[in-house]
file target_11.csv (CSV, C-alpha atoms)
chain,number,residue,atom,x,y,z
S,1,ALA,CA,-45.7,34.1,11.0
S,2,GLN,CA,-49.2,33.6,9.8
S,3,THR,CA,-49.9,31.3,6.9
S,4,VAL,CA,-53.1,30.5,4.9
S,5,THR,CA,-53.5,27.3,3.0
S,6,GLN,CA,-56.0,26.5,0.3
S,7,SER,CA,-55.7,22.8,-0.5
S,8,GLN,CA,-57.9,22.8,-3.6
S,9,PRO,CA,-56.1,24.5,-6.6
S,10,GLU,CA,-59.1,23.9,-8.9
S,11,MET,CA,-62.7,22.9,-8.6
S,12,SER,CA,-65.5,22.5,-11.1
S,13,VAL,CA,-69.2,22.1,-10.5
S,14,GLN,CA,-72.4,22.4,-12.5
S,15,GLU,CA,-74.6,25.5,-12.4
S,16,ALA,CA,-77.1,25.5,-9.4
S,17,GLU,CA,-75.0,23.0,-7.4
S,18,THR,CA,-73.5,23.8,-4.0
S,19,VAL,CA,-69.7,24.0,-3.7
S,20,THR,CA,-67.5,24.3,-0.6
S,21,LEU,CA,-64.0,25.8,-0.8
S,22,SER,CA,-61.5,24.9,2.0
S,23,CYS,CA,-59.1,27.2,3.8
S,24,THR,CA,-57.0,26.6,6.9
S,25,TYR,CA,-54.7,29.1,8.6
S,26,ASP,CA,-52.1,29.1,11.2
S,27,THR,CA,-51.6,31.8,13.8
S,28,SER,CA,-50.9,32.3,17.5
S,29,GLU,CA,-52.9,35.5,17.6
S,30,SER,CA,-56.4,35.6,19.2
S,31,ASN,CA,-57.8,38.7,17.5
S,32,TYR,CA,-58.0,38.6,13.8
S,33,TYR,CA,-60.2,38.7,10.7
S,34,LEU,CA,-60.8,36.3,7.9
S,35,PHE,CA,-61.9,37.1,4.4
S,36,TRP,CA,-62.9,35.5,1.1
S,37,TYR,CA,-62.1,37.5,-2.0
S,38,LYS,CA,-63.1,36.7,-5.5
S,39,GLN,CA,-61.0,37.5,-8.6
S,40,PRO,CA,-63.0,37.0,-11.9
S,41,PRO,CA,-61.0,36.6,-15.1
S,42,SER,CA,-59.4,39.9,-16.0
S,43,ARG,CA,-61.5,41.8,-13.4
S,44,GLN,CA,-60.9,43.4,-10.1
S,45,MET,CA,-60.8,41.4,-6.9
S,46,ILE,CA,-63.8,41.9,-4.8
S,47,LEU,CA,-64.7,41.0,-1.2
S,48,VAL,CA,-67.2,38.1,-0.9
S,49,ILE,CA,-67.5,37.7,2.8
S,50,ARG,CA,-65.8,38.8,6.1
S,51,GLN,CA,-65.6,37.1,9.5
S,52,GLU,CA,-64.4,38.5,12.8
S,53,ALA,CA,-62.6,35.8,14.9
S,54,TYR,CA,-64.4,36.9,18.1
S,55,LYS,CA,-67.8,36.2,16.6
S,56,GLN,CA,-69.0,32.7,17.0
S,57,GLN,CA,-71.8,33.1,14.4
S,58,ASN,CA,-70.9,32.3,10.9
S,59,ALA,CA,-71.1,35.1,8.4
S,60,THR,CA,-73.6,34.9,5.6
S,61,GLU,CA,-74.0,37.1,2.4
S,62,ASN,CA,-76.9,35.9,0.3
S,63,ARG,CA,-75.7,32.7,-1.4
S,64,PHE,CA,-72.4,32.8,0.3
S,65,SER,CA,-71.7,31.5,3.8
S,66,VAL,CA,-68.8,30.4,5.8
S,67,ASN,CA,-68.1,27.6,8.3
S,68,PHE,CA,-65.7,29.1,10.8
S,69,GLN,CA,-64.1,26.6,13.1
S,70,LYS,CA,-61.7,28.6,15.3
S,71,ALA,CA,-60.2,25.7,17.3
S,72,ALA,CA,-59.5,23.9,14.1
S,73,LYS,CA,-58.3,27.1,12.4
S,74,SER,CA,-60.6,26.4,9.5
S,75,PHE,CA,-62.6,28.8,7.4
S,76,SER,CA,-64.5,27.3,4.5
S,77,LEU,CA,-66.7,29.1,2.0
S,78,LYS,CA,-70.0,27.6,0.8
S,79,ILE,CA,-71.6,28.8,-2.4
S,80,SER,CA,-75.2,27.7,-2.8
S,81,ASP,CA,-77.1,27.7,-6.1
S,82,SER,CA,-73.9,28.4,-8.0
S,83,GLN,CA,-74.1,30.7,-11.0
S,84,LEU,CA,-72.0,31.1,-14.1
S,85,GLY,CA,-70.9,34.5,-12.8
S,86,ASP,CA,-69.3,32.7,-9.8
S,87,THR,CA,-66.5,31.5,-12.0
S,88,ALA,CA,-63.4,33.1,-10.6
S,89,MET,CA,-60.3,32.6,-8.5
S,90,TYR,CA,-61.2,32.6,-4.8
S,91,PHE,CA,-58.7,33.7,-2.2
S,92,CYS,CA,-58.9,33.1,1.5
S,93,ALA,CA,-57.2,35.9,3.5
S,94,PHE,CA,-56.2,36.6,7.1
S,95,GLU,CA,-55.5,39.8,9.0
S,96,VAL,CA,-54.2,40.2,12.5
S,97,GLN,CA,-56.1,43.0,14.2
S,98,GLY,CA,-54.4,46.2,13.6
S,99,ALA,CA,-51.8,44.8,11.2
S,100,GLN,CA,-53.2,46.6,8.1
S,101,LYS,CA,-52.0,43.8,5.9
S,102,LEU,CA,-53.7,40.7,4.4
S,103,VAL,CA,-52.0,37.3,4.2
S,104,PHE,CA,-53.5,35.4,1.2
S,105,GLY,CA,-53.8,31.8,0.4
S,106,GLN,CA,-52.7,30.5,-3.0
S,107,GLY,CA,-56.3,30.5,-4.3
S,108,THR,CA,-58.8,28.1,-5.7
S,109,ARG,CA,-59.8,28.3,-9.3
S,110,LEU,CA,-63.6,27.7,-9.4
S,111,THR,CA,-65.4,26.9,-12.7
S,112,ILE,CA,-69.1,26.8,-12.9
S,113,ASN,CA,-70.3,24.8,-15.9
S,114,PRO,CA,-73.6,25.4,-17.6
H,1,LYS,CA,-68.4,56.7,-7.2
H,2,ALA,CA,-65.2,56.0,-9.2
H,3,GLY,CA,-63.3,52.9,-8.2
H,4,VAL,CA,-59.6,52.4,-7.6
H,5,THR,CA,-57.7,53.5,-10.6
H,6,GLN,CA,-54.2,52.2,-11.5
H,7,THR,CA,-51.9,53.5,-14.2
H,8,PRO,CA,-50.4,52.3,-16.4
H,9,ARG,CA,-52.3,49.1,-16.9
H,10,TYR,CA,-49.5,47.4,-18.9
H,11,LEU,CA,-45.9,48.1,-19.2
H,12,ILE,CA,-42.7,46.4,-20.4
H,13,LYS,CA,-39.3,47.3,-19.0
H,14,THR,CA,-35.9,45.8,-19.3
H,15,ARG,CA,-33.6,44.6,-16.5
H,16,GLY,CA,-31.9,47.4,-14.6
H,17,GLN,CA,-34.6,50.0,-15.4
H,18,GLN,CA,-36.9,51.5,-12.9
H,19,VAL,CA,-40.6,51.8,-12.9
H,20,THR,CA,-43.2,53.9,-11.1
H,21,LEU,CA,-46.8,52.8,-10.7
H,22,SER,CA,-49.7,55.0,-9.7
H,23,CYS,CA,-52.8,54.4,-7.7
H,24,SER,CA,-55.8,56.7,-7.1
H,25,PRO,CA,-58.0,55.4,-4.3
H,26,ILE,CA,-61.7,55.7,-4.0
H,27,SER,CA,-62.7,59.2,-2.9
H,28,GLY,CA,-62.7,59.4,0.9
H,29,HIS,CA,-60.4,56.4,1.4
H,30,ARG,CA,-57.2,57.3,3.2
H,31,SER,CA,-55.6,53.8,3.4
H,32,VAL,CA,-53.8,52.5,0.3
H,33,SER,CA,-52.2,49.1,0.1
H,34,TRP,CA,-50.0,47.4,-2.5
H,35,TYR,CA,-49.8,43.8,-3.4
H,36,GLN,CA,-47.7,41.8,-5.8
H,37,GLN,CA,-49.4,38.9,-7.6
H,38,THR,CA,-47.4,36.2,-9.4
H,39,PRO,CA,-48.3,32.6,-10.4
H,40,GLY,CA,-45.6,31.2,-8.2
H,41,GLN,CA,-45.8,33.3,-5.0
H,42,GLY,CA,-49.4,34.3,-5.2
H,43,LEU,CA,-50.5,37.5,-3.5
H,44,GLN,CA,-47.9,39.1,-1.3
H,45,PHE,CA,-48.2,42.3,0.7
H,46,LEU,CA,-45.8,45.1,-0.2
H,47,PHE,CA,-46.8,48.1,1.9
H,48,GLU,CA,-49.7,50.1,3.3
H,49,TYR,CA,-50.1,53.8,3.7
H,50,PHE,CA,-52.5,55.9,5.7
H,51,SER,CA,-52.4,59.7,5.7
H,52,GLU,CA,-49.0,59.8,4.0
H,53,THR,CA,-47.5,57.5,6.6
H,54,GLN,CA,-46.3,54.0,5.9
H,55,ARG,CA,-47.8,51.8,8.6
H,56,ASN,CA,-46.7,48.4,7.5
H,57,LYS,CA,-44.2,46.9,5.0
H,58,GLY,CA,-43.9,43.5,3.6
H,59,ASN,CA,-40.8,41.4,3.1
H,60,PHE,CA,-39.5,42.9,-0.1
H,61,PRO,CA,-36.0,44.3,-0.8
H,62,GLY,CA,-35.3,48.0,-0.6
H,63,ARG,CA,-35.7,48.3,-4.4
H,64,PHE,CA,-39.4,48.4,-3.7
H,65,SER,CA,-40.6,51.7,-2.3
H,66,GLY,CA,-43.7,53.7,-2.1
H,67,ARG,CA,-45.3,56.9,-1.0
H,68,GLN,CA,-48.6,58.5,-0.5
H,69,PHE,CA,-49.6,62.1,-1.2
H,70,SER,CA,-51.8,64.4,0.7
H,71,ASN,CA,-54.7,63.6,-1.7
H,72,SER,CA,-54.3,59.9,-0.8
H,73,ARG,CA,-53.0,59.0,-4.2
H,74,SER,CA,-50.1,56.6,-4.0
H,75,GLU,CA,-47.1,55.6,-6.1
H,76,MET,CA,-44.8,52.7,-5.8
H,77,ASN,CA,-41.4,52.5,-7.4
H,78,VAL,CA,-39.2,49.5,-8.2
H,79,SER,CA,-35.6,50.3,-9.1
H,80,THR,CA,-33.0,48.1,-10.8
H,81,LEU,CA,-35.7,45.8,-12.2
H,82,GLU,CA,-35.1,42.1,-12.2
H,83,LEU,CA,-36.8,39.4,-14.2
H,84,GLY,CA,-38.5,38.2,-11.1
H,85,ASP,CA,-40.3,41.5,-10.7
H,86,SER,CA,-42.6,40.6,-13.5
H,87,ALA,CA,-46.0,40.5,-11.9
H,88,LEU,CA,-49.4,42.0,-11.5
H,89,TYR,CA,-49.2,44.9,-9.0
H,90,LEU,CA,-52.5,45.5,-7.3
H,91,CYS,CA,-53.4,48.6,-5.4
H,92,ALA,CA,-56.3,48.6,-2.9
H,93,SER,CA,-57.9,51.3,-0.9
H,94,SER,CA,-59.9,51.1,2.3
H,95,PHE,CA,-62.1,53.5,4.3
H,96,HIS,CA,-61.2,51.9,7.6
H,97,THR,CA,-58.6,53.5,9.8
H,98,VAL,CA,-57.7,50.7,12.2
H,99,ASN,CA,-58.2,47.4,10.6
H,100,THR,CA,-58.1,46.6,7.0
H,101,GLY,CA,-61.8,46.0,6.7
H,102,GLU,CA,-63.0,45.7,3.1
H,103,LEU,CA,-60.3,46.4,0.5
H,104,PHE,CA,-61.4,47.8,-2.8
H,105,PHE,CA,-58.9,46.7,-5.5
H,106,GLY,CA,-57.9,48.2,-8.8
H,107,GLU,CA,-57.5,46.3,-12.0
H,108,GLY,CA,-53.7,46.2,-11.5
H,109,SER,CA,-50.6,47.2,-13.4
H,110,ARG,CA,-49.1,44.3,-15.2
H,111,LEU,CA,-45.3,44.7,-15.4
H,112,THR,CA,-43.2,42.6,-17.7
H,113,VAL,CA,-39.4,42.7,-17.3
H,114,LEU,CA,-37.4,41.5,-20.2
call {"tool": "encode", "arguments": {"input": "target_11.csv", "output": "C-alpha coordinates"}}
result
Amino acid sequence: AQTVTQSQPEMSVQEAETVTLSCTYDTSESNYYLFWYKQPPSRQMILVIRQEAYKQQNATENRFSVNFQKAAKSFSLKISDSQLGDTAMYFCAFEVQGAQKLVFGQGTRLTINP
Amino acid sequence: KAGVTQTPRYLIKTRGQQVTLSCSPISGHRSVSWYQQTPGQGLQFLFEYFSETQRNKGNFPGRFSGRQFSNSRSEMNVSTLELGDSALYLCASSFHTVNTGELFFGEGSRLTVL
(Lines of atoms letter the chains of each structure in order from A and count residues from 1; the text may use other names and numbers.)
(Lines give C-alpha, C1' and ligand atoms only; values in the text may rest on other atoms or scores of the structure.)
Protein backbone atom coordinates (compact mmCIF):
# COMPACT_ATOMS: atom_id res chain seq x y z
CA ALA A 1 0.00 0.00 0.00
CA GLN A 2 1.14 3.51 -0.72
CA THR A 3 1.52 6.02 2.08
CA VAL A 4 2.31 9.73 2.12
CA THR A 5 3.79 11.43 5.17
CA GLN A 6 3.93 15.13 5.88
CA SER A 7 5.96 15.59 9.04
CA GLN A 8 5.14 19.28 9.63
CA PRO A 9 1.56 19.75 10.87
CA GLU A 10 1.98 23.52 11.04
CA MET A 11 4.39 26.14 9.77
CA SER A 12 4.47 29.89 10.01
CA VAL A 13 6.69 32.38 8.17
CA GLN A 14 6.82 36.10 7.46
CA GLU A 15 5.62 37.52 4.18
CA ALA A 16 8.32 37.52 1.45
CA GLU A 17 10.27 34.71 3.12
CA THR A 18 10.95 31.34 1.52
CA VAL A 19 9.41 28.26 3.07
CA THR A 20 9.84 24.55 2.34
CA LEU A 21 7.20 21.94 3.09
CA SER A 22 8.31 18.33 3.44
CA CYS A 23 6.73 15.18 2.06
CA THR A 24 7.88 11.59 1.92
CA TYR A 25 6.09 8.67 0.37
CA ASP A 26 6.37 4.94 0.30
CA THR A 27 5.71 2.79 -2.75
CA SER A 28 7.09 -0.15 -4.64
CA GLU A 29 5.72 1.17 -7.92
CA SER A 30 8.02 2.73 -10.50
CA ASN A 31 5.51 4.76 -12.49
CA TYR A 32 3.63 7.35 -10.50
CA TYR A 33 2.81 11.01 -10.12
CA LEU A 34 3.20 13.41 -7.23
CA PHE A 35 1.18 16.50 -6.49
CA TRP A 36 0.91 19.40 -4.12
CA TYR A 37 -2.59 20.71 -3.52
CA LYS A 38 -3.53 23.88 -1.65
CA GLN A 39 -6.74 24.25 0.37
CA PRO A 40 -7.31 27.87 1.47
CA PRO A 41 -9.65 28.45 4.41
CA SER A 42 -13.24 27.73 3.33
CA ARG A 43 -12.28 27.51 -0.33
CA GLN A 44 -11.78 24.80 -2.89
CA MET A 45 -8.66 22.75 -3.06
CA ILE A 46 -6.52 23.64 -6.07
CA LEU A 47 -3.50 22.06 -7.70
CA VAL A 48 -0.23 23.85 -7.03
CA ILE A 49 2.24 21.68 -8.87
CA ARG A 50 2.59 18.22 -10.45
CA GLN A 51 5.61 15.97 -10.97
CA GLU A 52 5.91 12.84 -13.09
CA ALA A 53 8.19 10.30 -11.44
CA TYR A 54 9.97 9.48 -14.72
CA LYS A 55 11.09 13.08 -15.13
CA GLN A 56 14.36 13.93 -13.42
CA GLN A 57 13.85 17.66 -13.79
CA ASN A 58 12.08 19.27 -10.87
CA ALA A 59 8.75 20.93 -11.68
CA THR A 60 8.39 24.69 -11.29
CA GLU A 61 5.33 26.92 -11.37
CA ASN A 62 6.17 30.59 -10.83
CA ARG A 63 7.04 30.96 -7.12
CA PHE A 64 6.47 27.26 -6.44
CA SER A 65 9.06 24.60 -7.06
CA VAL A 66 9.69 21.06 -5.91
CA ASN A 67 12.73 19.09 -4.89
CA PHE A 68 12.02 15.56 -6.08
CA GLN A 69 14.42 12.93 -4.76
CA LYS A 70 13.18 9.64 -6.19
CA ALA A 71 15.66 7.38 -4.45
CA ALA A 72 14.89 8.95 -1.10
CA LYS A 73 11.16 9.04 -1.92
CA SER A 74 11.03 12.68 -0.98
CA PHE A 75 8.99 15.44 -2.60
CA SER A 76 9.30 18.83 -0.92
CA LEU A 77 7.60 22.05 -1.97
CA LYS A 78 9.42 25.38 -1.89
CA ILE A 79 7.46 28.61 -1.89
CA SER A 80 9.57 31.65 -2.70
CA ASP A 81 8.64 35.24 -1.86
CA SER A 82 5.67 34.02 0.18
CA GLN A 83 2.46 36.06 0.06
CA LEU A 84 -0.49 36.40 2.42
CA GLY A 85 -2.61 34.53 -0.11
CA ASP A 86 -0.40 31.48 0.31
CA THR A 87 -1.95 30.90 3.72
CA ALA A 88 -3.66 27.50 3.41
CA MET A 89 -3.48 23.80 4.13
CA TYR A 90 -1.06 22.12 1.76
CA PHE A 91 -1.49 18.47 0.88
CA CYS A 92 1.06 16.25 -0.75
CA ALA A 93 -0.53 13.53 -2.87
CA PHE A 94 0.55 10.46 -4.78
CA GLU A 95 -0.98 8.50 -7.63
CA VAL A 96 0.13 5.24 -9.15
CA GLN A 97 -0.07 5.48 -12.92
CA GLY A 98 -3.50 4.38 -14.06
CA ALA A 99 -4.95 4.02 -10.56
CA GLN A 100 -7.30 6.99 -10.86
CA LYS A 101 -7.02 7.72 -7.17
CA LEU A 102 -4.92 10.02 -5.05
CA VAL A 103 -3.36 9.11 -1.73
CA PHE A 104 -3.00 12.24 0.38
CA GLY A 105 -0.75 13.14 3.26
CA GLN A 106 -2.20 14.60 6.44
CA GLY A 107 -1.46 18.14 5.37
CA THR A 108 0.63 21.08 6.56
CA ARG A 109 -1.13 24.20 7.77
CA LEU A 110 0.93 27.14 6.48
CA THR A 111 0.41 30.65 7.80
CA ILE A 112 2.02 33.65 6.16
CA ASN A 113 2.27 36.55 8.59
CA PRO A 114 2.33 40.20 7.49
CA LYS B 1 -16.45 28.03 -17.41
CA ALA B 2 -18.38 26.96 -14.33
CA GLY B 3 -16.47 25.01 -11.69
CA VAL B 4 -17.39 21.81 -9.93
CA THR B 5 -20.71 22.25 -8.17
CA GLN B 6 -21.69 20.24 -5.14
CA THR B 7 -25.09 20.20 -3.48
CA PRO B 8 -26.14 20.52 -0.77
CA ARG B 9 -23.33 22.49 0.84
CA TYR B 10 -24.39 21.70 4.38
CA LEU B 11 -26.69 19.11 5.84
CA ILE B 12 -27.53 17.60 9.19
CA LYS B 13 -28.79 14.06 9.55
CA THR B 14 -29.39 11.68 12.43
CA ARG B 15 -27.95 8.22 12.90
CA GLY B 16 -29.63 5.58 10.80
CA GLN B 17 -30.79 7.95 8.08
CA GLN B 18 -29.44 8.00 4.57
CA VAL B 19 -28.06 10.86 2.51
CA THR B 20 -27.48 11.59 -1.16
CA LEU B 21 -24.90 14.11 -2.30
CA SER B 22 -24.70 15.50 -5.80
CA CYS B 23 -21.81 16.68 -7.93
CA SER B 24 -21.81 18.41 -11.30
CA PRO B 25 -18.37 18.33 -12.93
CA ILE B 26 -16.80 20.93 -15.13
CA SER B 27 -18.26 20.79 -18.62
CA GLY B 28 -16.34 18.29 -20.71
CA HIS B 29 -14.88 16.42 -17.76
CA ARG B 30 -15.87 12.77 -17.76
CA SER B 31 -14.02 11.60 -14.66
CA VAL B 32 -15.53 12.28 -11.24
CA SER B 33 -13.92 11.29 -7.95
CA TRP B 34 -15.17 11.49 -4.39
CA TYR B 35 -13.09 12.00 -1.26
CA GLN B 36 -13.97 12.10 2.41
CA GLN B 37 -12.14 14.67 4.54
CA THR B 38 -12.09 14.41 8.33
CA PRO B 39 -9.74 15.92 10.94
CA GLY B 40 -8.67 12.48 12.12
CA GLN B 41 -8.33 10.49 8.90
CA GLY B 42 -7.54 13.32 6.51
CA LEU B 43 -8.48 12.93 2.87
CA GLN B 44 -9.52 9.44 1.86
CA PHE B 45 -10.53 8.23 -1.58
CA LEU B 46 -14.06 6.91 -1.92
CA PHE B 47 -14.52 6.10 -5.61
CA GLU B 48 -13.93 7.29 -9.14
CA TYR B 49 -16.25 7.16 -12.13
CA PHE B 50 -15.59 7.59 -15.82
CA SER B 51 -18.33 7.41 -18.45
CA GLU B 52 -20.78 5.91 -15.94
CA THR B 53 -18.35 3.16 -14.91
CA GLN B 54 -16.75 2.87 -11.50
CA ARG B 55 -13.05 2.40 -12.17
CA ASN B 56 -11.75 2.38 -8.63
CA LYS B 57 -13.14 2.17 -5.13
CA GLY B 58 -11.60 3.02 -1.79
CA ASN B 59 -11.69 1.03 1.41
CA PHE B 60 -15.10 2.05 2.68
CA PRO B 61 -18.02 -0.13 3.79
CA GLY B 62 -20.81 -1.00 1.40
CA ARG B 63 -22.99 1.70 2.97
CA PHE B 64 -21.11 4.10 0.72
CA SER B 65 -22.16 3.93 -2.90
CA GLY B 66 -22.12 6.13 -5.93
CA ARG B 67 -23.09 6.42 -9.52
CA GLN B 68 -22.51 8.58 -12.54
CA PHE B 69 -25.05 9.61 -15.11
CA SER B 70 -24.68 9.97 -18.86
CA ASN B 71 -24.17 13.74 -18.50
CA SER B 72 -21.22 13.01 -16.14
CA ARG B 73 -23.06 14.28 -13.07
CA SER B 74 -22.45 12.04 -10.10
CA GLU B 75 -24.15 11.19 -6.85
CA MET B 76 -22.95 9.43 -3.78
CA ASN B 77 -25.17 7.83 -1.19
CA VAL B 78 -24.48 6.88 2.38
CA SER B 79 -27.03 4.62 4.04
CA THR B 80 -27.54 3.88 7.73
CA LEU B 81 -25.54 6.90 8.79
CA GLU B 82 -23.13 6.63 11.71
CA LEU B 83 -21.62 9.41 13.80
CA GLY B 84 -18.25 8.73 12.18
CA ASP B 85 -19.64 9.61 8.77
CA SER B 86 -19.59 13.28 9.75
CA ALA B 87 -17.17 14.79 7.29
CA LEU B 88 -16.58 17.11 4.38
CA TYR B 89 -17.29 15.17 1.19
CA LEU B 90 -15.32 16.49 -1.74
CA CYS B 91 -16.07 15.85 -5.36
CA ALA B 92 -13.45 16.40 -8.03
CA SER B 93 -13.55 16.22 -11.79
CA SER B 94 -10.82 15.65 -14.30
CA PHE B 95 -10.45 15.91 -18.05
CA HIS B 96 -7.85 13.18 -18.21
CA THR B 97 -8.95 9.73 -19.23
CA VAL B 98 -6.04 7.55 -18.10
CA ASN B 99 -4.30 9.13 -15.16
CA THR B 100 -5.86 11.47 -12.68
CA GLY B 101 -3.99 14.50 -13.91
CA GLU B 102 -5.21 17.73 -12.42
CA LEU B 103 -8.26 17.37 -10.24
CA PHE B 104 -10.68 20.27 -9.98
CA PHE B 105 -12.42 20.19 -6.63
CA GLY B 106 -15.78 21.46 -5.55
CA GLU B 107 -16.35 23.32 -2.29
CA GLY B 108 -17.65 20.16 -0.68
CA SER B 109 -20.74 18.99 1.14
CA ARG B 110 -20.38 19.17 4.89
CA LEU B 111 -22.35 16.38 6.53
CA THR B 112 -23.05 16.36 10.25
CA VAL B 113 -24.53 13.21 11.76
CA LEU B 114 -26.20 13.61 15.16
call {"tool": "closest_residue", "arguments": {"input": "target_11.csv", "among": "S:Arg43, S:Lys55, S:Lys38, S:Lys73", "to": "chain H", "atoms": "only C-alpha atoms"}}
result
S:Arg43
call {"tool": "atom_distance", "arguments": {"input": "target_11.csv", "atom1": "atom CA of S:Tyr33", "atom2": "atom CA of H:Gly66"}}
result
25.7 Å
call {"tool": "atom_distance", "arguments": {"input": "target_11.csv", "atom1": "atom CA of H:Leu46", "atom2": "atom CA of S:Tyr90"}}
result
20.4 Å
call {"tool": "interface_residues", "arguments": {"input": "target_11.csv", "of": "chain S", "to": "chain H", "cutoff": "9 Å", "atoms": "only C-alpha atoms", "output": "ChimeraX atom specification"}}
result
/S:33,35,42-47,50,95-107
call {"tool": "residues_around", "arguments": {"input": "target_11.csv", "residues": "stretch 75-84 of chain H", "least_positions_apart": "2", "cutoff": "10 Å", "atoms": "all atoms listed in the file", "output": "PyMOL selection string"}}
result
chain H and resi 6-7+13-24+32+34+38+46-47+61-69+72-73+86-87+89+91+112-114
call {"tool": "atom_distance", "arguments": {"input": "target_11.csv", "atom1": "atom CA of S:Thr87", "atom2": "atom CA of H:Gln36"}}
result
22.3 Å
call {"tool": "residues_around", "arguments": {"input": "target_11.csv", "residues": "S:Trp36", "least_positions_apart": "3", "cutoff": "6 Å", "atoms": "all atoms listed in the file", "output": "ChimeraX atom specification"}}
result
/S:48-49,91-92
call {"tool": "residues_near_point", "arguments": {"input": "target_11.csv", "point": "(-72.6, 20.7, -9.6)", "cutoff": "12 Å", "atoms": "all atoms listed in the file", "output": "PyMOL selection string"}}
result
chain S and resi 11-20+79-84+110-114
call {"tool": "residues_around", "arguments": {"input": "target_11.csv", "residues": "S:Asp26", "least_positions_apart": "3", "cutoff": "10 Å", "atoms": "only C-alpha atoms", "output": "count of residues only"}}
result
10
